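Peer 1: Next comes the structure file target_17.cif, holding mmCIF, C-alpha atoms.
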```cif
data_entry
#
loop_
_atom_site.label_atom_id
_atom_site.label_comp_id
_atom_site.auth_asym_id
_atom_site.auth_seq_id
_atom_site.Cartn_x
_atom_site.Cartn_y
_atom_site.Cartn_z
CA MET A 1 -26.65 69.37 -80.51
CA HIS A 2 -29.84 70.07 -78.71
CA LEU A 3 -29.35 70.73 -75.00
CA TYR A 4 -31.61 67.85 -74.00
CA GLY A 5 -29.74 65.46 -76.30
CA ARG A 6 -26.37 66.42 -74.85
CA PHE A 7 -27.64 65.91 -71.32
CA TRP A 8 -28.98 62.41 -72.13
CA PHE A 9 -25.70 61.46 -73.82
CA MET A 10 -23.69 62.55 -70.78
CA PHE A 11 -26.06 60.66 -68.41
CA CYS A 12 -25.80 57.45 -70.43
CA PHE A 13 -22.05 57.75 -70.70
CA CYS A 14 -21.63 58.27 -66.98
CA PHE A 15 -23.98 55.37 -66.15
CA VAL A 16 -22.12 52.96 -68.44
CA PHE A 17 -18.79 54.19 -67.09
CA ASP A 18 -20.00 53.63 -63.53
CA ILE A 19 -21.00 50.03 -64.28
CA VAL A 20 -17.73 49.21 -65.98
CA SER A 21 -15.65 50.81 -63.23
CA VAL A 22 -16.87 48.34 -60.52
CA PRO A 23 -15.06 45.02 -61.17
CA GLU A 24 -16.35 41.67 -59.87
CA HIS A 25 -14.43 40.46 -56.77
CA ASP A 26 -13.07 36.91 -57.23
CA GLU A 27 -12.94 35.33 -53.73
CA CYS A 28 -11.32 32.20 -55.14
CA VAL A 29 -8.32 34.14 -56.44
CA SER A 30 -7.96 36.39 -53.40
CA GLY A 31 -8.26 33.46 -50.98
CA LYS A 32 -11.12 35.14 -49.09
CA HIS A 33 -13.45 32.16 -49.36
CA SER A 34 -14.92 29.57 -47.00
CA CYS A 35 -13.92 26.47 -48.96
CA ASP A 36 -12.12 23.59 -47.28
CA GLU A 37 -8.49 23.01 -48.24
CA ASN A 38 -9.65 19.80 -49.95
CA ALA A 39 -12.37 21.57 -51.94
CA LEU A 40 -12.51 23.39 -55.28
CA CYS A 41 -13.61 27.05 -55.27
CA PHE A 42 -15.86 28.35 -58.10
CA ASN A 43 -16.39 32.10 -58.45
CA THR A 44 -19.97 33.26 -59.02
CA VAL A 45 -21.57 36.67 -59.49
CA GLY A 46 -21.54 38.27 -56.07
CA GLY A 47 -20.11 35.25 -54.29
CA HIS A 48 -18.58 31.78 -54.73
CA SER A 49 -19.39 28.08 -54.34
CA CYS A 50 -17.37 25.15 -52.96
CA SER A 51 -17.22 21.53 -54.09
CA CYS A 52 -15.15 18.78 -52.46
CA LYS A 53 -12.33 17.35 -54.56
CA PRO A 54 -12.55 13.75 -55.85
CA GLY A 55 -11.87 11.36 -53.01
CA TYR A 56 -13.47 13.64 -50.42
CA THR A 57 -17.03 14.10 -49.22
CA GLY A 58 -18.86 16.98 -47.55
CA ASN A 59 -20.58 20.27 -48.28
CA GLY A 60 -17.46 22.00 -49.62
CA THR A 61 -16.93 24.05 -46.50
CA VAL A 62 -15.99 20.86 -44.65
CA CYS A 63 -14.53 17.94 -46.65
CA LYS A 64 -13.53 14.58 -45.21
CA ALA A 65 -11.39 11.97 -46.93
CA LEU A 66 -13.00 8.80 -48.28
CA CYS A 67 -11.26 5.46 -47.89
CA ASP A 68 -12.02 2.29 -49.86
CA GLY A 69 -13.73 0.48 -47.00
CA LEU A 70 -13.31 1.13 -43.30
CA CYS A 71 -10.06 1.93 -41.55
CA LEU A 72 -10.05 -0.99 -39.13
CA ASN A 73 -8.90 -1.26 -35.51
CA GLY A 74 -9.29 2.41 -34.72
CA GLY A 75 -7.45 3.66 -37.82
CA THR A 76 -8.18 7.17 -39.18
CA CYS A 77 -8.78 8.06 -42.84
CA ILE A 78 -6.58 11.13 -43.55
CA SER A 79 -6.62 11.20 -47.35
CA PRO A 80 -8.31 9.16 -50.11
CA ASN A 81 -7.56 5.46 -49.54
CA MET A 82 -4.93 6.22 -46.89
CA CYS A 83 -5.36 5.22 -43.24
CA VAL A 84 -3.24 6.21 -40.28
CA CYS A 85 -3.20 3.18 -38.01
CA ALA A 86 -3.59 3.19 -34.26
CA GLN A 87 -0.61 1.99 -32.24
CA GLY A 88 -0.04 -1.72 -32.64
CA PHE A 89 -1.60 -2.16 -36.10
CA THR A 90 -0.36 -1.92 -39.67
CA GLY A 91 -1.57 -2.57 -43.23
CA LYS A 92 -3.43 -0.55 -45.85
CA LYS A 93 -6.63 -0.77 -43.80
CA CYS A 94 -4.87 -1.29 -40.43
CA GLU A 95 -6.07 -4.88 -40.57
CA THR A 96 -2.83 -6.50 -39.34
CA ASP A 97 -1.86 -6.70 -35.69
CA ILE A 98 1.83 -6.02 -35.04
CA ASP A 99 3.31 -8.87 -33.01
CA GLU A 100 5.63 -6.84 -30.78
CA CYS A 101 6.96 -10.04 -29.22
CA THR A 102 8.20 -11.85 -32.36
CA GLU A 103 9.34 -8.70 -34.17
CA GLY A 104 11.71 -7.70 -31.39
CA PHE A 105 9.99 -4.49 -30.31
CA VAL A 106 9.77 -5.74 -26.71
CA ARG A 107 12.47 -7.03 -24.39
CA CYS A 108 10.91 -8.57 -21.31
CA ASP A 109 12.86 -9.37 -18.15
CA SER A 110 14.26 -12.92 -17.92
CA ARG A 111 11.62 -13.67 -15.26
CA ALA A 112 8.78 -12.72 -17.62
CA THR A 113 7.54 -13.81 -21.01
CA CYS A 114 6.10 -11.60 -23.75
CA VAL A 115 2.43 -12.16 -24.58
CA ASN A 116 1.12 -10.50 -27.75
CA LEU A 117 -2.30 -8.83 -27.59
CA PRO A 118 -4.35 -7.17 -30.37
CA GLY A 119 -2.73 -3.76 -30.70
CA TRP A 120 -0.54 -4.23 -27.64
CA PHE A 121 1.59 -6.67 -25.61
CA HIS A 122 2.13 -7.74 -22.02
CA CYS A 123 5.17 -9.01 -20.10
CA GLU A 124 3.70 -11.77 -17.96
CA CYS A 125 5.55 -13.35 -15.04
CA ARG A 126 6.77 -16.87 -15.75
CA ASP A 127 5.71 -19.85 -13.66
CA GLY A 128 7.43 -19.67 -10.31
CA TYR A 129 7.35 -15.87 -10.22
CA HIS A 130 4.75 -13.29 -9.25
CA ASP A 131 4.51 -9.51 -9.50
CA ASN A 132 5.65 -7.65 -6.39
CA GLY A 133 2.95 -5.01 -6.84
CA MET A 134 5.05 -2.45 -8.73
CA PHE A 135 3.73 -3.66 -12.14
CA THR A 136 6.58 -2.60 -14.44
CA ALA A 137 5.86 -2.94 -18.16
CA ASN A 138 8.95 -5.05 -18.95
CA GLY A 139 8.45 -7.53 -16.11
CA GLU A 140 11.23 -6.29 -13.79
CA SER A 141 8.66 -6.37 -10.99
CA CYS A 142 8.45 -10.18 -11.23
CA GLU A 143 10.09 -11.88 -8.25
CA ASP A 144 10.63 -15.48 -7.18
CA ILE A 145 7.92 -17.35 -5.29
CA ASP A 146 9.31 -19.26 -2.32
CA GLU A 147 7.19 -22.37 -2.73
CA CYS A 148 8.71 -23.92 0.39
CA LYS A 149 7.51 -21.08 2.63
CA ALA A 150 4.28 -20.43 0.75
CA GLY A 151 3.17 -24.03 1.07
CA ARG A 152 2.91 -24.42 -2.70
CA ASN A 153 5.23 -27.42 -2.91
CA THR A 154 4.23 -31.05 -3.24
CA CYS A 155 7.21 -32.63 -1.54
CA ALA A 156 6.39 -35.91 0.24
CA ASN A 157 6.94 -36.38 3.95
CA ASP A 158 10.27 -38.13 3.48
CA THR A 159 11.76 -35.40 1.25
CA VAL A 160 12.81 -31.82 2.01
CA CYS A 161 11.77 -28.76 -0.04
CA PHE A 162 14.59 -26.55 -1.39
CA ASN A 163 13.59 -23.26 -3.01
CA LEU A 164 15.11 -22.46 -6.41
CA ASP A 165 14.91 -19.36 -8.58
CA GLY A 166 11.61 -19.82 -10.38
CA GLY A 167 10.79 -23.17 -8.75
CA TYR A 168 11.73 -25.65 -6.06
CA ASP A 169 13.22 -29.11 -5.62
CA CYS A 170 12.33 -32.04 -3.38
CA ARG A 171 15.55 -33.62 -2.09
CA CYS A 172 16.17 -36.65 0.01
CA PRO A 173 18.04 -35.75 3.25
CA HIS A 174 21.52 -37.24 3.56
CA GLY A 175 21.44 -40.63 5.23
CA HIS A 176 17.78 -41.28 4.40
CA ASN A 177 16.43 -43.81 1.91
CA CYS A 178 13.62 -41.77 0.27
CA THR A 179 11.03 -43.52 -1.84
CA GLY A 180 10.41 -40.53 -4.14
CA ASP A 181 6.66 -40.92 -3.59
CA CYS A 182 4.38 -37.88 -3.49
CA ILE A 183 1.47 -36.83 -1.31
CA TYR A 184 -1.32 -35.35 -3.46
CA ASP A 185 -4.79 -34.46 -2.22
CA GLY A 186 -4.12 -36.49 0.94
CA LYS A 187 -3.21 -39.60 -1.05
CA VAL A 188 0.12 -41.25 -1.81
CA LYS A 189 1.19 -41.14 -5.44
CA HIS A 190 4.10 -43.39 -6.29
CA ASN A 191 7.20 -42.15 -8.05
CA GLY A 192 6.55 -42.14 -11.81
CA GLN A 193 2.75 -42.39 -11.46
CA ILE A 194 0.61 -40.33 -13.93
CA TRP A 195 -3.02 -39.32 -13.38
CA VAL A 196 -5.73 -36.97 -14.68
CA LEU A 197 -7.20 -34.44 -12.26
CA ASP A 198 -10.71 -35.23 -11.04
CA ASN A 199 -11.91 -31.64 -11.41
CA ASP A 200 -10.01 -30.85 -14.62
CA ARG A 201 -9.94 -33.48 -17.33
CA CYS A 202 -7.64 -31.29 -19.40
CA SER A 203 -4.71 -31.42 -16.93
CA VAL A 204 -2.29 -34.31 -16.37
CA CYS A 205 -0.11 -34.73 -13.26
CA SER A 206 2.82 -37.00 -12.48
CA CYS A 207 4.98 -37.81 -9.45
CA GLN A 208 8.69 -37.29 -10.12
CA MET A 209 11.06 -38.01 -7.21
CA GLY A 210 8.74 -36.63 -4.56
CA GLN A 211 7.53 -33.67 -6.63
CA VAL A 212 4.11 -33.40 -8.29
CA MET A 213 4.30 -31.89 -11.78
CA CYS A 214 1.05 -30.80 -13.47
CA ARG A 215 0.49 -29.40 -16.95
CA ARG A 216 -2.28 -29.03 -19.47
CA MET A 217 -2.81 -31.88 -21.85
CA VAL A 218 -0.74 -31.58 -25.02
CA CYS A 219 -3.08 -31.10 -27.98
CA ASP A 220 -2.25 -33.23 -31.00
CA CYS A 221 -4.71 -31.99 -33.60
CA GLU A 222 -3.71 -34.79 -35.99
CA ASN A 223 -4.97 -37.37 -33.49
CA PRO A 224 -8.58 -38.22 -34.50
CA THR A 225 -9.46 -39.00 -30.86
CA VAL A 226 -8.26 -35.64 -29.50
CA ASP A 227 -10.53 -34.20 -26.81
CA LEU A 228 -12.03 -31.07 -28.45
CA PHE A 229 -13.27 -29.91 -25.07
CA CYS A 230 -9.65 -29.52 -23.94
CA CYS A 231 -8.32 -28.60 -27.38
CA PRO A 232 -10.82 -26.19 -29.00
CA GLU A 233 -8.05 -24.98 -31.29
CA CYS A 234 -8.29 -28.33 -33.07
CA ASP A 235 -11.92 -27.64 -34.01
CA PRO A 236 -11.96 -25.50 -37.20
CA ARG A 237 -15.50 -24.42 -36.38
CA LEU A 238 -14.45 -22.75 -33.11
CA SER A 239 -10.84 -21.67 -33.48
CA SER A 240 -11.60 -18.32 -35.09
CA GLN A 241 -14.89 -17.47 -33.38
CA CYS A 242 -15.44 -14.87 -30.64
CA LEU A 243 -18.00 -14.68 -27.87
CA HIS A 244 -19.98 -11.48 -27.33
CA GLN A 245 -19.64 -9.75 -23.96
CA ASN A 246 -23.09 -10.99 -22.97
CA GLY A 247 -21.97 -14.59 -23.47
CA LEU A 248 -24.92 -15.38 -25.76
CA VAL A 249 -23.77 -14.45 -29.28
CA THR A 250 -20.76 -15.71 -31.27
CA TYR A 251 -19.02 -13.90 -34.12
CA SER A 252 -16.76 -15.08 -36.91
CA SER A 253 -13.30 -13.63 -37.47
CA GLY A 254 -13.61 -10.19 -39.08
CA ASP A 255 -17.10 -9.46 -37.71
CA THR A 256 -17.62 -6.11 -35.94
CA TRP A 257 -20.20 -4.90 -33.44
CA THR A 258 -20.86 -2.02 -31.02
CA GLU A 259 -21.03 -2.51 -27.27
CA ASN A 260 -21.13 0.22 -24.58
CA CYS A 261 -20.11 2.90 -27.08
CA GLN A 262 -17.10 0.86 -28.20
CA GLN A 263 -16.44 -0.61 -31.63
CA CYS A 264 -15.46 -4.27 -31.26
CA GLN A 265 -14.07 -6.75 -33.77
CA CYS A 266 -13.34 -10.46 -33.76
CA LEU A 267 -9.74 -11.11 -34.82
CA GLN A 268 -8.89 -14.81 -35.09
CA GLY A 269 -10.70 -15.72 -31.90
CA GLU A 270 -9.70 -12.62 -29.91
CA VAL A 271 -12.01 -9.66 -29.21
CA ASP A 272 -10.51 -6.20 -29.66
CA CYS A 273 -12.47 -3.04 -28.74
CA TRP A 274 -11.70 0.66 -29.07
CA PRO A 275 -13.71 3.85 -28.46
CA LEU A 276 -16.41 4.50 -31.05
CA LEU A 277 -15.39 7.24 -33.48
CA CYS A 278 -18.05 9.93 -33.70
CA PRO A 279 -18.42 12.39 -36.60
CA PRO A 280 -17.51 15.96 -35.65
CA ALA A 281 -20.43 18.15 -34.59
CA HIS A 282 -19.95 21.57 -36.17
CA CYS A 283 -22.17 23.53 -33.81
CA ASP A 284 -22.05 25.40 -30.51
CA PHE A 285 -24.42 23.19 -28.50
CA THR A 286 -24.44 19.39 -28.41
CA MET A 287 -25.97 16.59 -26.36
CA VAL A 288 -25.84 12.79 -26.38
CA PRO A 289 -29.41 11.38 -26.58
CA GLU A 290 -30.26 8.50 -24.25
CA GLY A 291 -29.32 5.18 -25.80
CA GLU A 292 -26.86 6.78 -28.25
CA CYS A 293 -23.10 7.28 -28.14
CA CYS A 294 -22.36 10.29 -30.33
CA PRO A 295 -23.26 13.94 -29.66
CA ARG A 296 -25.94 15.69 -31.74
CA CYS A 297 -26.44 19.38 -32.38
CA VAL A 298 -29.27 21.08 -30.47
CA THR A 299 -30.69 24.58 -30.89
CA ASP A 300 -31.72 25.03 -27.27
CA PRO A 301 -28.56 25.89 -25.31
CA CYS A 302 -30.20 24.86 -22.02
CA LEU A 303 -30.52 21.27 -23.27
CA ALA A 304 -26.85 21.13 -24.25
CA GLN A 305 -24.51 18.83 -22.35
CA SER A 306 -21.44 20.22 -24.11
CA VAL A 307 -20.86 23.84 -25.16
CA ARG A 308 -18.18 25.27 -27.42
CA ASN A 309 -17.67 28.35 -25.24
CA ASP A 310 -17.01 31.68 -26.92
CA ILE A 311 -15.40 33.98 -24.34
CA THR A 312 -16.55 37.04 -26.34
CA LYS A 313 -20.19 36.18 -25.56
CA THR A 314 -21.30 37.19 -22.08
CA CYS A 315 -24.46 37.11 -19.98
CA GLU A 316 -25.92 39.73 -17.65
CA ASP A 317 -27.25 38.25 -14.40
CA GLU A 318 -30.14 39.54 -12.30
CA HIS A 319 -27.86 42.14 -10.67
CA GLY A 320 -26.48 43.44 -13.96
CA ILE A 321 -23.14 41.69 -13.43
CA MET A 322 -21.50 40.50 -16.66
CA ARG A 323 -20.75 36.78 -16.64
CA PHE A 324 -18.35 35.12 -19.08
CA SER A 325 -19.50 32.15 -21.14
CA GLY A 326 -19.01 28.96 -19.16
CA SER A 327 -19.31 30.59 -15.73
CA SER A 328 -21.87 29.44 -13.13
CA TRP A 329 -23.50 31.14 -10.16
CA VAL A 330 -26.24 30.62 -7.60
CA LYS A 331 -29.23 32.83 -8.37
CA HIS A 332 -29.69 35.64 -5.89
CA GLY A 333 -32.33 35.01 -3.25
CA THR A 334 -32.22 31.22 -3.69
CA GLU A 335 -30.02 28.42 -2.47
CA CYS A 336 -30.99 25.71 -4.91
CA THR A 337 -31.12 27.47 -8.29
CA LEU A 338 -27.88 27.23 -10.27
CA CYS A 339 -27.45 29.35 -13.39
CA GLN A 340 -24.88 29.08 -16.14
CA CYS A 341 -23.88 31.29 -19.05
CA LYS A 342 -23.82 29.37 -22.32
CA ASN A 343 -22.58 31.58 -25.15
CA GLY A 344 -24.77 34.53 -24.18
CA HIS A 345 -27.74 32.43 -23.01
CA ILE A 346 -28.64 32.13 -19.31
CA CYS A 347 -29.76 28.64 -18.32
CA CYS A 348 -31.00 28.00 -14.77
CA SER A 349 -32.05 24.79 -13.09
CA VAL A 350 -33.23 23.79 -9.63
CA ASP A 351 -31.38 21.05 -7.73
CA PRO A 352 -34.17 18.79 -6.36
CA LEU A 353 -31.79 17.28 -3.79
CA CYS A 354 -31.12 20.75 -2.43
CA LEU A 355 -34.83 21.34 -1.85
#
```
Transcribe the structure of this file into structure tokens.
Peer 2:
Amino acid sequence: MHLYGRFWFMFCFCFVFDIVSVPEHDECVSGKHSCDENALCFNTVGGHSCSCKPGYTGNGTVCKALCDGLCLNGGTCISPNMCVCAQGFTGKKCETDIDECTEGFVRCDSRATCVNLPGWFHCECRDGYHDNGMFTANGESCEDIDECKAGRNTCANDTVCFNLDGGYDCRCPHGHNCTGDCIYDGKVKHNGQIWVLDNDRCSVCSCQMGQVMCRRMVCDCENPTVDLFCCPECDPRLSSQCLHQNGLVTYSSGDTWTENCQQCQCLQGEVDCWPLLCPPAHCDFTMVPEGECCPRCVTDPCLAQSVRNDITKTCEDEHGIMRFSGSSWVKHGTECTLCQCKNGHICCSVDPLCL
């Protein structure tokens, strides 16, 4: 073979061999990829691509679960159509409040009664008791009110007040012929007399053997003449509505709104609010714009209100001293200029109050 021909053959053979001998690296197989655990990895020539799995959304590098509708009452979507409920709620969408009182999760002290709240509960002191200032969760801090000493009794002049646990009694002294009448608002009320309070048409009082007993009017919703002012629960138009914090707007049960960076919802006439959930900001520098609640990414580190500090990034101050990210110092030669290292960037500002 001609010398030139043999040289060309060897060159071509070596070139082809060199191409074949360098295999393509599959990052998806080796696990050296940037895809989220809930994403699918696709190998490409010289790289790879990521795509979120069905039921997730994102750019492939970050994938978040999608739920069919919102996870209510502060619930968190952890996988497709699956919510983890905040404490006190249950249901597929965390739409049901757990009644800790009726389901036996709470045992209040005998001097307190359990009051269910949206997502929580409260042991409230019964009538005749008050909290001693220790505020225990189960109501053990409730103690008896001595109505005879506190002047909270309604015993008439011819009867004597005797304190009882959780109340009091008006008794006729031995040897006296007591009428059983009561003194109320400076006026004599005869034993057995019933009257409506002048300043509260929804309360009814009666005189019983020298003792005034008052209670709210019993609401009989089947009575067509029931006073809806005193018994709003009998009005189907109002029983499930909620009033906005500003006192000007009403909402129907199930409606949601945002107020002071809290997500609020009307639940059968009761307003429940929880902190507004903000999407994660995958960046080093963030700030919350005026009038907004959630942080946004910013490129200028000196505008950032929050910094994801990287301790490997340092700053060199005016004296050549290395400062770690997150550290602050007063600039040399000044008293009012404060500098801070933000991931390798020096940001200084002057305190106008100092000047």
Peer 1: With a distance cut-off of 12 Å and only C-alpha atoms, select the neighbouring residues of Trp257 of chain A, excluding the residue or stretch itself and same-chain residues fewer than 3 positions from it, and output the selection as a PyMOL selection string.
Peer 2: chain A and resi 242-245+249-254+260-266+271-276
Peer 1: Report as a list in words the residues that result from applying the PyMOL selection byres ((chain A and resi 327) around 6) to the structure here.
Peer 2: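 The output of the PyMOL selection byres ((chain A and resi 327) around 6) on this file is Phe324, Ser325, Gly326, Ser328, Gln340 and Cys341 of chain A.
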Peer 1: Extract, using only C-alpha atoms, all DNA, RNA and protein residues at most 12 Å from Ser30 of chain A, discarding same-chain residues fewer than 3 positions from it, and format them as an NGL selection string.
Peer 2: :A and (24-27 or 33-34 or 41 or 43 or 48)
Peer 1: Would you save the residues from that selection as a short mmCIF file (atom, residue, chain, number, x, y, z; two decimals), keeping the file's coordinate frame, using C-alpha atoms?
Peer 2:
```cif
data_model
loop_
_atom_site.label_atom_id
_atom_site.label_comp_id
_atom_site.auth_asym_id
_atom_site.auth_seq_id
_atom_site.Cartn_x
_atom_site.Cartn_y
_atom_site.Cartn_z
CA GLU A 24 -16.35 41.67 -59.87
CA HIS A 25 -14.43 40.46 -56.77
CA ASP A 26 -13.07 36.91 -57.23
CA GLU A 27 -12.94 35.33 -53.73
CA HIS A 33 -13.45 32.16 -49.36
CA SER A 34 -14.92 29.57 -47.00
CA CYS A 41 -13.61 27.05 -55.27
CA ASN A 43 -16.39 32.10 -58.45
CA HIS A 48 -18.58 31.78 -54.73
#
```
Peer 1: What do you get, as a PyMOL selection string, if you spell out every residue that the PyMOL selection byres ((chain A and resi 94) around 12) selects here?
Peer 2: chain A and resi 67+69-77+81-93+95-98+118-119
Peer 1: So how many Å separate atom CA of Cys221 of chain A and atom CA of Asp198 of chain A, to one decimal?
Peer 2: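 Atom CA of Asp198 of chain A lies 23.6 Å from atom CA of Cys221 of chain A.
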Peer 1: Report the residues retrieved by the PyMOL selection byres ((chain A and resi 337) around 10) from the displayed file, expressed as a list of chain:residue names.
Peer 2: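 This file gives the following for the PyMOL selection byres ((chain A and resi 337) around 10): A:Trp329, A:Val330, A:Lys331, A:His332, A:Gly333, A:Thr334, A:Glu335, A:Cys336, A:Leu338, A:Cys339, A:Cys348, A:Ser349, A:Val350, A:Asp351, A:Pro352, A:Cys354, A:Leu355.
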Peer 1: So which residues touch Cys161 of chain A within 6 Å, counting all atoms listed in the file, skipping near sequence neighbours fewer than 5 positions away, as a VMD selection string?
Peer 2: chain A and resid 148 169 to 170
Peer 1: What separation in Å, quoted to one decimal, exists between atom CA of Cys219 of chain A and atom CA of His190 of chain A?
Peer 2: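 Atom CA of His190 of chain A lies 25.9 Å from atom CA of Cys219 of chain A.
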Peer 1: Which distance in Å separates atom CA of Leu117 of chain A and atom CA of Gly167 of chain A, to one decimal?
Peer 2: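 Between atom CA of Leu117 of chain A and atom CA of Gly167 of chain A the gap is 27.1 Å.
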Peer 1: Determine, counting only C-alpha atoms, which protein, DNA and RNA residues have an atom within 7 Å of an atom of Cys182 of chain A; residues of the same chain fewer than 3 positions away are not included. Present the result as a ChimeraX atom specification.
Peer 2: /A:154-156,188-191,207,210-212
Peer 1: If we count only C-alpha atoms, what is near Gly344 of chain A at a cut-off of 9 Å, once residues fewer than 3 positions away on the same chain are taken out, given as a PyMOL selection string?
Peer 2: chain A and resi 310+312-316+323-325+341
Peer 1: Between A:Asp235, A:Gly180, A:Glu100, A:Lys342, which one has atoms that come closest to Asp220 of chain A, using all atoms listed in the file?
Peer 2: A:Asp235
Peer 1: List every protein, DNA or RNA residue with an atom no more than 8 Å from (-15.4, 20.6, -46.3) in the file's coordinates, counting only C-alpha atoms, and format the result as JSON, numbers by chain.
Peer 2: {"A": [35, 36, 37, 38, 39, 52, 57, 58, 59, 60, 61, 62, 63, 64]}
